[in-house]
Each structure stands twice: as structure tokens, then as C-alpha cells.
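The file start.pdb comes next; it holds PDB, C-alpha atoms, pLDDT in the B column.
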```pdb
ATOM      1  CA  LEU U   1      26.545  -1.093   1.782  1.00 92.00           C
ATOM      2  CA  ILE U   2      25.732  -2.262   5.284  1.00 94.00           C
ATOM      3  CA  THR U   3      28.626  -2.231   7.760  1.00 95.00           C
ATOM      4  CA  LYS U   4      28.905  -3.327  11.352  1.00 95.00           C
ATOM      5  CA  THR U   5      31.499  -4.127  13.961  1.00 93.00           C
ATOM      6  CA  VAL U   6      31.627  -7.724  15.141  1.00 93.00           C
ATOM      7  CA  ASP U   7      33.446  -8.426  18.379  1.00 89.00           C
ATOM      8  CA  SER U   8      35.110 -11.733  19.103  1.00 88.00           C
ATOM      9  CA  THR U   9      37.713 -13.028  21.515  1.00 89.00           C
ATOM     10  CA  ASP U  10      40.534 -15.492  21.141  1.00 85.00           C
ATOM     11  CA  GLU U  11      41.063 -18.468  23.467  1.00 86.00           C
ATOM     12  CA  LYS U  12      42.885 -16.242  25.981  1.00 88.00           C
ATOM     13  CA  GLY U  13      40.091 -13.657  26.046  1.00 88.00           C
ATOM     14  CA  ALA U  14      41.772 -10.963  23.934  1.00 89.00           C
ATOM     15  CA  ALA U  15      39.194  -8.670  22.297  1.00 92.00           C
ATOM     16  CA  LEU U  16      39.321  -8.851  18.497  1.00 94.00           C
ATOM     17  CA  PRO U  17      36.961  -6.416  16.793  1.00 92.00           C
ATOM     18  CA  GLY U  18      36.185  -7.033  13.147  1.00 94.00           C
ATOM     19  CA  TYR U  19      34.422  -5.175  10.373  1.00 95.00           C
ATOM     20  CA  VAL U  20      31.598  -6.874   8.450  1.00 97.00           C
ATOM     21  CA  VAL U  21      30.271  -5.412   5.211  1.00 97.00           C
ATOM     22  CA  TYR U  22      27.715  -6.574   2.673  1.00 97.00           C
ATOM     23  CA  ALA U  23      25.466  -5.150  -0.018  1.00 95.00           C
ATOM     24  CA  ASP U  24      21.802  -4.767   0.847  1.00 91.00           C
ATOM     25  CA  THR U  25      20.961  -5.302  -2.826  1.00 89.00           C
ATOM     26  CA  VAL U  26      21.712  -9.025  -2.605  1.00 83.00           C
ATOM     27  CA  SER U  27      19.207 -11.306  -0.904  1.00 86.00           C
ATOM     28  CA  GLY U  28      19.727 -14.579   0.892  1.00 88.00           C
ATOM     29  CA  LYS U  29      22.863 -16.314   2.002  1.00 94.00           C
ATOM     30  CA  ARG U  30      26.004 -15.439   0.148  1.00 96.00           C
ATOM     31  CA  PRO U  31      29.650 -16.499  -0.058  1.00 97.00           C
ATOM     32  CA  GLY U  32      32.060 -14.806   2.284  1.00 97.00           C
ATOM     33  CA  VAL U  33      35.631 -13.621   2.367  1.00 98.00           C
ATOM     34  CA  ILE U  34      37.761 -13.010   5.427  1.00 98.00           C
ATOM     35  CA  VAL U  35      40.254 -10.216   4.769  1.00 98.00           C
ATOM     36  CA  VAL U  36      43.370 -10.214   6.956  1.00 97.00           C
ATOM     37  CA  HIS U  37      45.172  -6.886   7.211  1.00 96.00           C
ATOM     38  CA  ASP U  38      48.752  -5.980   6.387  1.00 94.00           C
ATOM     39  CA  TRP U  39      51.328  -5.041   9.034  1.00 94.00           C
ATOM     40  CA  ARG U  40      49.641  -1.714   9.769  1.00 95.00           C
ATOM     41  CA  GLY U  41      46.664  -3.463  11.367  1.00 94.00           C
ATOM     42  CA  LEU U  42      42.984  -3.032  10.633  1.00 94.00           C
ATOM     43  CA  THR U  43      42.971   0.230   8.686  1.00 93.00           C
ATOM     44  CA  ASP U  44      40.749   1.984   6.194  1.00 94.00           C
ATOM     45  CA  TYR U  45      42.656   0.174   3.431  1.00 94.00           C
ATOM     46  CA  THR U  46      41.543  -3.252   4.692  1.00 95.00           C
ATOM     47  CA  LYS U  47      38.002  -1.966   5.110  1.00 96.00           C
ATOM     48  CA  MET U  48      38.051  -0.587   1.560  1.00 95.00           C
ATOM     49  CA  ARG U  49      39.133  -3.971   0.197  1.00 96.00           C
ATOM     50  CA  SER U  50      36.281  -5.585   2.139  1.00 97.00           C
ATOM     51  CA  GLU U  51      33.833  -3.061   0.712  1.00 97.00           C
ATOM     52  CA  MET U  52      35.032  -3.878  -2.814  1.00 97.00           C
ATOM     53  CA  LEU U  53      34.210  -7.531  -2.176  1.00 97.00           C
ATOM     54  CA  ALA U  54      30.785  -6.625  -0.777  1.00 97.00           C
ATOM     55  CA  LYS U  55      29.989  -4.717  -3.955  1.00 96.00           C
ATOM     56  CA  LEU U  56      30.693  -7.950  -5.855  1.00 96.00           C
ATOM     57  CA  GLY U  57      28.033  -9.790  -3.810  1.00 95.00           C
ATOM     58  CA  TYR U  58      30.133 -11.275  -1.012  1.00 97.00           C
ATOM     59  CA  ILE U  59      29.810 -10.732   2.695  1.00 97.00           C
ATOM     60  CA  ALA U  60      33.268  -9.655   3.825  1.00 97.00           C
ATOM     61  CA  PHE U  61      34.887  -9.674   7.235  1.00 97.00           C
ATOM     62  CA  ALA U  62      37.956  -7.544   7.887  1.00 97.00           C
ATOM     63  CA  ALA U  63      39.571  -9.367  10.793  1.00 95.00           C
ATOM     64  CA  ASP U  64      41.717  -7.622  13.401  1.00 95.00           C
ATOM     65  CA  MET U  65      44.610  -9.880  14.372  1.00 95.00           C
ATOM     66  CA  TYR U  66      46.320  -7.384  16.677  1.00 95.00           C
ATOM     67  CA  GLY U  67      43.367  -6.832  18.975  1.00 92.00           C
ATOM     68  CA  LYS U  68      41.310  -3.970  20.306  1.00 91.00           C
ATOM     69  CA  ASP U  69      43.142  -0.653  20.584  1.00 89.00           C
ATOM     70  CA  VAL U  70      46.405  -2.023  19.149  1.00 92.00           C
ATOM     71  CA  ARG U  71      47.050   0.465  16.355  1.00 93.00           C
ATOM     72  CA  PRO U  72      50.723   0.709  15.401  1.00 94.00           C
ATOM     73  CA  GLN U  73      51.652   4.047  13.820  1.00 94.00           C
ATOM     74  CA  SER U  74      55.259   3.693  12.677  1.00 95.00           C
ATOM     75  CA  VAL U  75      57.606   1.207  11.038  1.00 95.00           C
ATOM     76  CA  PRO U  76      59.167   0.202  14.394  1.00 95.00           C
ATOM     77  CA  GLU U  77      55.678  -0.376  15.830  1.00 95.00           C
ATOM     78  CA  TYR U  78      54.581  -2.346  12.740  1.00 94.00           C
ATOM     79  CA  THR U  79      57.734  -4.453  12.973  1.00 94.00           C
ATOM     80  CA  LYS U  80      57.126  -5.140  16.665  1.00 96.00           C
ATOM     81  CA  GLN U  81      53.549  -6.330  16.051  1.00 95.00           C
ATOM     82  CA  VAL U  82      54.487  -8.517  13.093  1.00 93.00           C
ATOM     83  CA  GLY U  83      57.291 -10.067  15.138  1.00 93.00           C
ATOM     84  CA  ILE U  84      54.857 -11.221  17.808  1.00 94.00           C
ATOM     85  CA  TYR U  85      52.831 -13.302  15.355  1.00 93.00           C
ATOM     86  CA  LYS U  86      55.614 -14.401  13.038  1.00 90.00           C
ATOM     87  CA  GLY U  87      57.396 -15.675  16.155  1.00 91.00           C
ATOM     88  CA  ASP U  88      54.317 -17.381  17.606  1.00 91.00           C
ATOM     89  CA  ARG U  89      52.362 -19.022  14.813  1.00 89.00           C
ATOM     90  CA  MET U  90      50.080 -20.795  17.277  1.00 91.00           C
ATOM     91  CA  LEU U  91      48.966 -17.393  18.594  1.00 93.00           C
ATOM     92  CA  TYR U  92      48.454 -16.215  15.004  1.00 93.00           C
ATOM     93  CA  ARG U  93      46.343 -19.294  14.261  1.00 92.00           C
ATOM     94  CA  GLU U  94      44.347 -18.779  17.453  1.00 94.00           C
ATOM     95  CA  ARG U  95      43.525 -15.204  16.460  1.00 94.00           C
ATOM     96  CA  ALA U  96      42.648 -16.277  12.904  1.00 95.00           C
ATOM     97  CA  ARG U  97      40.467 -19.101  14.212  1.00 94.00           C
ATOM     98  CA  ALA U  98      38.582 -16.636  16.442  1.00 95.00           C
ATOM     99  CA  ALA U  99      37.937 -14.400  13.428  1.00 95.00           C
ATOM    100  CA  TYR U 100      36.761 -17.366  11.366  1.00 96.00           C
ATOM    101  CA  GLN U 101      34.387 -18.528  14.105  1.00 95.00           C
ATOM    102  CA  ALA U 102      32.978 -15.003  14.556  1.00 95.00           C
ATOM    103  CA  PHE U 103      32.414 -14.739  10.815  1.00 96.00           C
ATOM    104  CA  LEU U 104      30.554 -18.063  10.703  1.00 96.00           C
ATOM    105  CA  LYS U 105      27.925 -16.559  13.034  1.00 96.00           C
ATOM    106  CA  GLN U 106      26.857 -13.990  10.444  1.00 96.00           C
ATOM    107  CA  PRO U 107      23.286 -14.847   9.397  1.00 95.00           C
ATOM    108  CA  LEU U 108      23.764 -13.885   5.733  1.00 95.00           C
ATOM    109  CA  LEU U 109      26.870 -16.041   5.312  1.00 97.00           C
ATOM    110  CA  ASP U 110      26.791 -19.367   3.485  1.00 97.00           C
ATOM    111  CA  PRO U 111      29.294 -21.208   5.725  1.00 96.00           C
ATOM    112  CA  ALA U 112      30.052 -23.730   2.977  1.00 96.00           C
ATOM    113  CA  ARG U 113      31.429 -20.946   0.750  1.00 97.00           C
ATOM    114  CA  VAL U 114      34.080 -19.078   2.732  1.00 98.00           C
ATOM    115  CA  ALA U 115      37.527 -18.005   1.567  1.00 98.00           C
ATOM    116  CA  ALA U 116      40.268 -15.825   3.048  1.00 97.00           C
ATOM    117  CA  ILE U 117      42.656 -13.309   1.528  1.00 97.00           C
ATOM    118  CA  GLY U 118      45.504 -11.399   3.089  1.00 95.00           C
ATOM    119  CA  TYR U 119      48.165  -8.897   2.238  1.00 91.00           C
ATOM    120  CA  CYS U 120      51.778  -9.218   3.440  1.00 91.00           C
ATOM    121  CA  PHE U 121      51.356  -9.944   7.188  1.00 93.00           C
ATOM    122  CA  GLY U 122      47.791 -10.994   6.355  1.00 94.00           C
ATOM    123  CA  GLY U 123      49.052 -13.196   3.531  1.00 93.00           C
ATOM    124  CA  THR U 124      51.031 -15.117   6.108  1.00 92.00           C
ATOM    125  CA  GLY U 125      47.881 -15.264   8.239  1.00 94.00           C
ATOM    126  CA  VAL U 126      45.701 -16.854   5.580  1.00 95.00           C
ATOM    127  CA  ILE U 127      48.385 -19.473   4.945  1.00 93.00           C
ATOM    128  CA  GLU U 128      48.271 -20.200   8.688  1.00 92.00           C
ATOM    129  CA  MET U 129      44.463 -20.461   8.469  1.00 94.00           C
ATOM    130  CA  ALA U 130      44.876 -23.103   5.778  1.00 93.00           C
ATOM    131  CA  ARG U 131      47.514 -24.938   7.826  1.00 91.00           C
ATOM    132  CA  ASP U 132      45.143 -24.854  10.800  1.00 90.00           C
ATOM    133  CA  GLY U 133      42.693 -26.928   8.753  1.00 92.00           C
ATOM    134  CA  LEU U 134      39.864 -24.383   8.749  1.00 94.00           C
ATOM    135  CA  ASN U 135      37.003 -25.263   6.416  1.00 94.00           C
ATOM    136  CA  LEU U 136      37.838 -22.694   3.752  1.00 97.00           C
ATOM    137  CA  LYS U 137      37.233 -23.106   0.037  1.00 97.00           C
ATOM    138  CA  GLY U 138      40.423 -21.231  -0.694  1.00 96.00           C
ATOM    139  CA  VAL U 139      43.007 -18.793   0.558  1.00 96.00           C
ATOM    140  CA  VAL U 140      44.914 -16.197  -1.425  1.00 96.00           C
ATOM    141  CA  SER U 141      48.131 -14.841   0.008  1.00 93.00           C
ATOM    142  CA  PHE U 142      49.402 -11.608  -1.512  1.00 90.00           C
ATOM    143  CA  HIS U 143      53.064 -11.058  -0.647  1.00 85.00           C
ATOM    144  CA  GLY U 144      52.787 -13.265   2.463  1.00 82.00           C
ATOM    145  CA  GLY U 145      55.369 -15.391   4.212  1.00 78.00           C
ATOM    146  CA  LEU U 146      55.175 -19.056   3.269  1.00 78.00           C
ATOM    147  CA  ASP U 147      57.555 -20.469   5.862  1.00 79.00           C
ATOM    148  CA  ALA U 148      56.085 -22.933   8.348  1.00 73.00           C
ATOM    149  CA  GLN U 149      56.917 -22.473  12.018  1.00 75.00           C
ATOM    150  CA  PRO U 150      57.045 -25.221  13.147  1.00 69.00           C
ATOM    151  CA  LEU U 151      57.796 -27.100   9.957  1.00 66.00           C
ATOM    152  CA  SER U 152      54.652 -28.800   8.689  1.00 70.00           C
ATOM    153  CA  THR U 153      53.824 -31.305   5.970  1.00 68.00           C
ATOM    154  CA  GLY U 154      50.627 -29.427   5.137  1.00 72.00           C
ATOM    155  CA  ALA U 155      48.517 -32.536   5.761  1.00 75.00           C
ATOM    156  CA  THR U 156      45.841 -30.469   7.545  1.00 84.00           C
ATOM    157  CA  ILE U 157      45.269 -28.099   4.617  1.00 85.00           C
ATOM    158  CA  LYS U 158      41.744 -28.423   3.172  1.00 87.00           C
ATOM    159  CA  ALA U 159      41.624 -25.151   1.208  1.00 92.00           C
ATOM    160  CA  ASN U 160      42.890 -24.451  -2.266  1.00 90.00           C
ATOM    161  CA  VAL U 161      45.900 -22.159  -1.858  1.00 91.00           C
ATOM    162  CA  LEU U 162      47.105 -19.417  -4.187  1.00 90.00           C
ATOM    163  CA  ALA U 163      50.292 -17.658  -3.121  1.00 88.00           C
ATOM    164  CA  LEU U 164      51.217 -14.540  -5.089  1.00 89.00           C
ATOM    165  CA  CYS U 165      54.757 -13.463  -4.277  1.00 84.00           C
ATOM    166  CA  GLY U 166      57.189 -11.233  -6.111  1.00 73.00           C
ATOM    167  CA  ALA U 167      60.368 -13.022  -7.100  1.00 69.00           C
ATOM    168  CA  ASP U 168      62.519 -10.102  -5.942  1.00 71.00           C
ATOM    169  CA  ASP U 169      60.710  -9.451  -2.655  1.00 62.00           C
ATOM    170  CA  PRO U 170      63.422  -8.890  -0.011  1.00 63.00           C
ATOM    171  CA  TYR U 171      61.028  -9.331   2.937  1.00 61.00           C
ATOM    172  CA  GLU U 172      59.132 -12.550   2.267  1.00 55.00           C
ATOM    173  CA  LYS U 173      60.612 -15.741   0.929  1.00 52.00           C
TER
END
```

Go ahead and express the file in the form of C-alpha cells.
Amino acid sequence: LITKTVDSTDEKGAALPGYVVYADTVSGKRPGVIVVHDWRGLTDYTKMRSEMLAKLGYIAFAADMYGKDVRPQSVPEYTKQVGIYKGDRMLYRERARAAYQAFLKQPLLDPARVAAIGYCFGGTGVIEMARDGLNLKGVVSFHGGLDAQPLSTGATIKANVLALCGADDPYEK
């Protein structure tokens, strides 16, 4: 697998490093998947999930929503970071849009075949990407928050959306 760091910035200039991975055994342009991390931030787990997708023939981009050098290490720190973006969905969308735009610049990516997946905090993020009207084929939210802040009709959503939530999940509704 080929891996590289891709730096981007949001509209306010915040540095948002990302992790791109693809298989060198596949030639030509390929479909891509943006992977949005859980509440712990961009960790080895998110990178591993991206690598799994690369082995399937995708180019994957593990996006960092928190920003350069923001690496929470405890439940209170995770909670603090999540609260920033759950409380300011426009900021979350701005960060997600920056990741999407950085990913589109990858020369091996077929920009007409891009999807996004996210886990927990990231599941909320991919729903926000869909609400932002990004040109995604689909988004899959695993255990993500589905609430709209502010309330939205969903008229801007272009992507197919699959939300996988546990019925007894006490954290996301």
C-alpha cells in the first residue's frame, strides 16, 4: 500500500492533515472513500479502516476534523472535542468540506465516484457532508448522530444515505 499525508486548511485557515492510502496494484483512476474518525480523532484505527478500503481497490482518505496537533487522550478531552462540532455544525461542515476538496485533488481519484463513511462522531460528520450537498455517491453513518442543527428539510442532500444505529444506543438518537 502507498500512504501519504495530505494537508488542507478550512476556510479559517486551520491546518487539517489527512491520510491517503491506495494499493499500487490497481492502475488508473479509482473510486474513493473519505473516512471520518470517531471521537478519539485521527488514530491508527481510522488509518487501518482506510487501509482495508485501499486493499479492496479504493483510494481512501482518513480526514482529520479536529486539526493538526489536536489529539485528545481521555474521555473528558474526547467529550470536549465532540462538543465543539456537535454544537457548531457549520464548523463541522466547513472542516468536512475542506477534507472533501483536498481529496478531490488526488490524481488517482475518480471524482465522480466518491463516498464517505464515519464512525460515531464521524458518522455525524458524514451526515453533515450529505446535508452540505457535497457531490457524494453515498454516505454511511455507523452509530452517528442524526439530529439536524439547525433543523433542515434535507433538500440539499444528493448522496444516498445509510444510517446504521443501534436501537438501544444511549448516546446517539

- Mind checking which residues fall within 10 Å of U:Asp69, counting all atoms listed in the file, ignoring those fewer than 5 positions away in the same chain, and posting them as a PyMOL selection string? chain U and resi 15-17

- Report the residues retrieved by the PyMOL selection byres ((chain U and resi 92-108) around 7) from the displayed file, expressed as a ChimeraX atom specification. /U:8-11,28-30,61,63,65,85,88-91,109-111,125,128-129,132

Write out, as a PDB file, keeping the file's coordinate frame, the residues just selected, with C-alpha atoms.
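The file below, selection12.pdb, is the result:
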```pdb
ATOM      1  CA  SER U   8      35.110 -11.733  19.103  1.00 88.00           C
ATOM      2  CA  THR U   9      37.713 -13.028  21.515  1.00 89.00           C
ATOM      3  CA  ASP U  10      40.534 -15.492  21.141  1.00 85.00           C
ATOM      4  CA  GLU U  11      41.063 -18.468  23.467  1.00 86.00           C
ATOM      5  CA  GLY U  28      19.727 -14.579   0.892  1.00 88.00           C
ATOM      6  CA  LYS U  29      22.863 -16.314   2.002  1.00 94.00           C
ATOM      7  CA  ARG U  30      26.004 -15.439   0.148  1.00 96.00           C
ATOM      8  CA  PHE U  61      34.887  -9.674   7.235  1.00 97.00           C
ATOM      9  CA  ALA U  63      39.571  -9.367  10.793  1.00 95.00           C
ATOM     10  CA  MET U  65      44.610  -9.880  14.372  1.00 95.00           C
ATOM     11  CA  TYR U  85      52.831 -13.302  15.355  1.00 93.00           C
ATOM     12  CA  ASP U  88      54.317 -17.381  17.606  1.00 91.00           C
ATOM     13  CA  ARG U  89      52.362 -19.022  14.813  1.00 89.00           C
ATOM     14  CA  MET U  90      50.080 -20.795  17.277  1.00 91.00           C
ATOM     15  CA  LEU U  91      48.966 -17.393  18.594  1.00 93.00           C
ATOM     16  CA  LEU U 109      26.870 -16.041   5.312  1.00 97.00           C
ATOM     17  CA  ASP U 110      26.791 -19.367   3.485  1.00 97.00           C
ATOM     18  CA  PRO U 111      29.294 -21.208   5.725  1.00 96.00           C
ATOM     19  CA  GLY U 125      47.881 -15.264   8.239  1.00 94.00           C
ATOM     20  CA  GLU U 128      48.271 -20.200   8.688  1.00 92.00           C
ATOM     21  CA  MET U 129      44.463 -20.461   8.469  1.00 94.00           C
ATOM     22  CA  ASP U 132      45.143 -24.854  10.800  1.00 90.00           C
TER      23      ASP U 132
END
```

Protein/DNA/RNA residues near (47.5, -0.2, 15.6), cut 10 Å, all atoms listed in the file, as a PDB file with C-alpha atoms, in the frame of the given file:
```
ATOM      1  CA  TRP U  39      51.328  -5.041   9.034  1.00 94.00           C
ATOM      2  CA  ARG U  40      49.641  -1.714   9.769  1.00 95.00           C
ATOM      3  CA  GLY U  41      46.664  -3.463  11.367  1.00 94.00           C
ATOM      4  CA  LEU U  42      42.984  -3.032  10.633  1.00 94.00           C
ATOM      5  CA  THR U  43      42.971   0.230   8.686  1.00 93.00           C
ATOM      6  CA  ASP U  64      41.717  -7.622  13.401  1.00 95.00           C
ATOM      7  CA  TYR U  66      46.320  -7.384  16.677  1.00 95.00           C
ATOM      8  CA  GLY U  67      43.367  -6.832  18.975  1.00 92.00           C
ATOM      9  CA  LYS U  68      41.310  -3.970  20.306  1.00 91.00           C
ATOM     10  CA  ASP U  69      43.142  -0.653  20.584  1.00 89.00           C
ATOM     11  CA  VAL U  70      46.405  -2.023  19.149  1.00 92.00           C
ATOM     12  CA  ARG U  71      47.050   0.465  16.355  1.00 93.00           C
ATOM     13  CA  PRO U  72      50.723   0.709  15.401  1.00 94.00           C
ATOM     14  CA  GLN U  73      51.652   4.047  13.820  1.00 94.00           C
ATOM     15  CA  SER U  74      55.259   3.693  12.677  1.00 95.00           C
ATOM     16  CA  GLU U  77      55.678  -0.376  15.830  1.00 95.00           C
ATOM     17  CA  TYR U  78      54.581  -2.346  12.740  1.00 94.00           C
ATOM     18  CA  GLN U  81      53.549  -6.330  16.051  1.00 95.00           C
TER      19      GLN U  81
END
```

- Query: Of the candidates U:Gly57, U:Pro76, U:Gly166, U:Gly122, which one gets nearest to U:Pro31 if we count all atoms listed in the file?
  - Reply: U:Gly57

- Selection under test: the PyMOL selection byres ((chain U and resi 156) around 6); residues as a ChimeraX atom specification: /U:131,133,154-155,157

- Task: Starting from the point (52.7, -15.4, -4.5), work out which residues of protein, DNA or RNA have an atom no more than 10 Å away when counting all atoms listed in the file; state them as a ChimeraX atom specification.
- Result: /U:123,140-146,161-167,172-173

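Pairwise distance (atom CA of U:Lys137, atom CA of U:Val33) equals 9.9 Å.
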
Return as JSON the box centre and box size in Å, one decimal, for an axis-aligned box around all listed atoms of stretch 18-32 of chain U padded by 3 Å per side.
```
{"center_x": 27.7, "center_y": -10.6, "center_z": 5.2, "size_x": 23.0, "size_y": 17.7, "size_z": 22.0}
```

- Task: Have a look at atom CA of U:Tyr45 and atom CA of U:Lys158 and let me know their distance in Å, one decimal.
- Result: 28.6 Å

- Message: Can you measure atom CA of U:Phe121 to atom CA of U:Gly138 for me? One decimal in Å is fine.
- Response: 17.6 Å

- Item | Picked residues, the PyMOL selection byres ((chain U and resi 36) around 7), expected as a PyMOL selection string | chain U and resi 34-35+37-38+62-63+117-119+122+125

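The residue that comes closest to U:Ile2, out of U:Met48, U:Leu136, U:Ala54, U:Ala159 and on the basis of only C-alpha atoms, is U:Ala54.
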
- Message: So that I can check the surroundings of U:Leu56, please list as a PyMOL selection string every protein, DNA and RNA residue that reaches within 12 Å of it, counting all atoms listed in the file and ignoring chain neighbours fewer than 4 positions away.
- Response: chain U and resi 1+21-26+30-33+49-52+60

- Query: Which of these residues is nearest to U:Ala115, using all atoms listed in the file: U:Asn160, U:Lys55, U:Ala148, U:Gly18?
  - Reply: U:Asn160

What would stretch 31-55 of chain U look like if you wrote it out as a CSV table (one decimal), in the first residue's frame, with N, CA and C atoms included, from the block I just posted?
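Generated file (out.csv):
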```csv
chain,number,residue,atom,x,y,z
U,31,PRO,N,-12.5,4.6,-7.5
U,31,PRO,CA,-13.4,5.2,-6.6
U,31,PRO,C,-12.7,5.5,-5.3
U,32,GLY,N,-13.3,6.5,-4.6
U,32,GLY,CA,-12.7,6.9,-3.3
U,32,GLY,C,-13.7,6.9,-2.2
U,33,VAL,N,-13.1,6.8,-1.0
U,33,VAL,CA,-13.9,6.8,0.3
U,33,VAL,C,-13.2,7.7,1.2
U,34,ILE,N,-14.0,8.7,1.7
U,34,ILE,CA,-13.5,9.6,2.8
U,34,ILE,C,-13.9,8.9,4.1
U,35,VAL,N,-13.0,8.7,5.0
U,35,VAL,CA,-13.2,8.0,6.3
U,35,VAL,C,-13.1,9.1,7.4
U,36,VAL,N,-14.2,9.4,8.1
U,36,VAL,CA,-14.2,10.4,9.2
U,36,VAL,C,-14.1,9.6,10.5
U,37,HIS,N,-13.1,10.0,11.3
U,37,HIS,CA,-12.8,9.4,12.6
U,37,HIS,C,-13.9,9.4,13.7
U,38,ASP,N,-13.7,8.6,14.7
U,38,ASP,CA,-14.6,8.6,15.8
U,38,ASP,C,-14.1,9.7,16.8
U,39,TRP,N,-14.6,9.8,18.0
U,39,TRP,CA,-14.4,10.9,18.9
U,39,TRP,C,-12.9,11.0,19.4
U,40,ARG,N,-12.1,9.9,19.1
U,40,ARG,CA,-10.7,10.0,19.6
U,40,ARG,C,-9.9,10.8,18.6
U,41,GLY,N,-10.4,11.1,17.4
U,41,GLY,CA,-9.6,11.8,16.5
U,41,GLY,C,-9.0,10.9,15.4
U,42,LEU,N,-8.1,11.4,14.6
U,42,LEU,CA,-7.4,10.6,13.6
U,42,LEU,C,-6.4,9.7,14.3
U,43,THR,N,-6.7,8.4,14.4
U,43,THR,CA,-5.9,7.4,15.1
U,43,THR,C,-5.5,6.3,14.2
U,44,ASP,N,-4.7,5.4,14.7
U,44,ASP,CA,-4.4,4.2,13.9
U,44,ASP,C,-5.6,3.4,13.5
U,45,TYR,N,-6.7,3.4,14.3
U,45,TYR,CA,-7.9,2.7,13.9
U,45,TYR,C,-8.5,3.2,12.6
U,46,THR,N,-8.6,4.6,12.5
U,46,THR,CA,-9.1,5.2,11.3
U,46,THR,C,-8.2,4.9,10.1
U,47,LYS,N,-6.9,4.9,10.4
U,47,LYS,CA,-6.0,4.6,9.3
U,47,LYS,C,-6.1,3.2,8.8
U,48,MET,N,-6.3,2.3,9.8
U,48,MET,CA,-6.5,0.8,9.5
U,48,MET,C,-7.7,0.6,8.7
U,49,ARG,N,-8.8,1.3,9.0
U,49,ARG,CA,-10.0,1.2,8.2
U,49,ARG,C,-9.8,1.7,6.8
U,50,SER,N,-9.0,2.7,6.6
U,50,SER,CA,-8.7,3.3,5.3
U,50,SER,C,-7.9,2.3,4.5
U,51,GLU,N,-6.9,1.7,5.2
U,51,GLU,CA,-6.1,0.7,4.5
U,51,GLU,C,-6.9,-0.5,4.1
U,52,MET,N,-7.9,-0.9,4.8
U,52,MET,CA,-8.8,-2.0,4.4
U,52,MET,C,-9.5,-1.7,3.1
U,53,LEU,N,-9.9,-0.4,3.0
U,53,LEU,CA,-10.6,0.0,1.8
U,53,LEU,C,-9.6,0.0,0.6
U,54,ALA,N,-8.4,0.5,0.9
U,54,ALA,CA,-7.4,0.5,-0.2
U,54,ALA,C,-7.1,-0.9,-0.7
U,55,LYS,N,-7.1,-1.9,0.2
U,55,LYS,CA,-6.9,-3.2,-0.3
U,55,LYS,C,-8.0,-3.8,-1.2
```
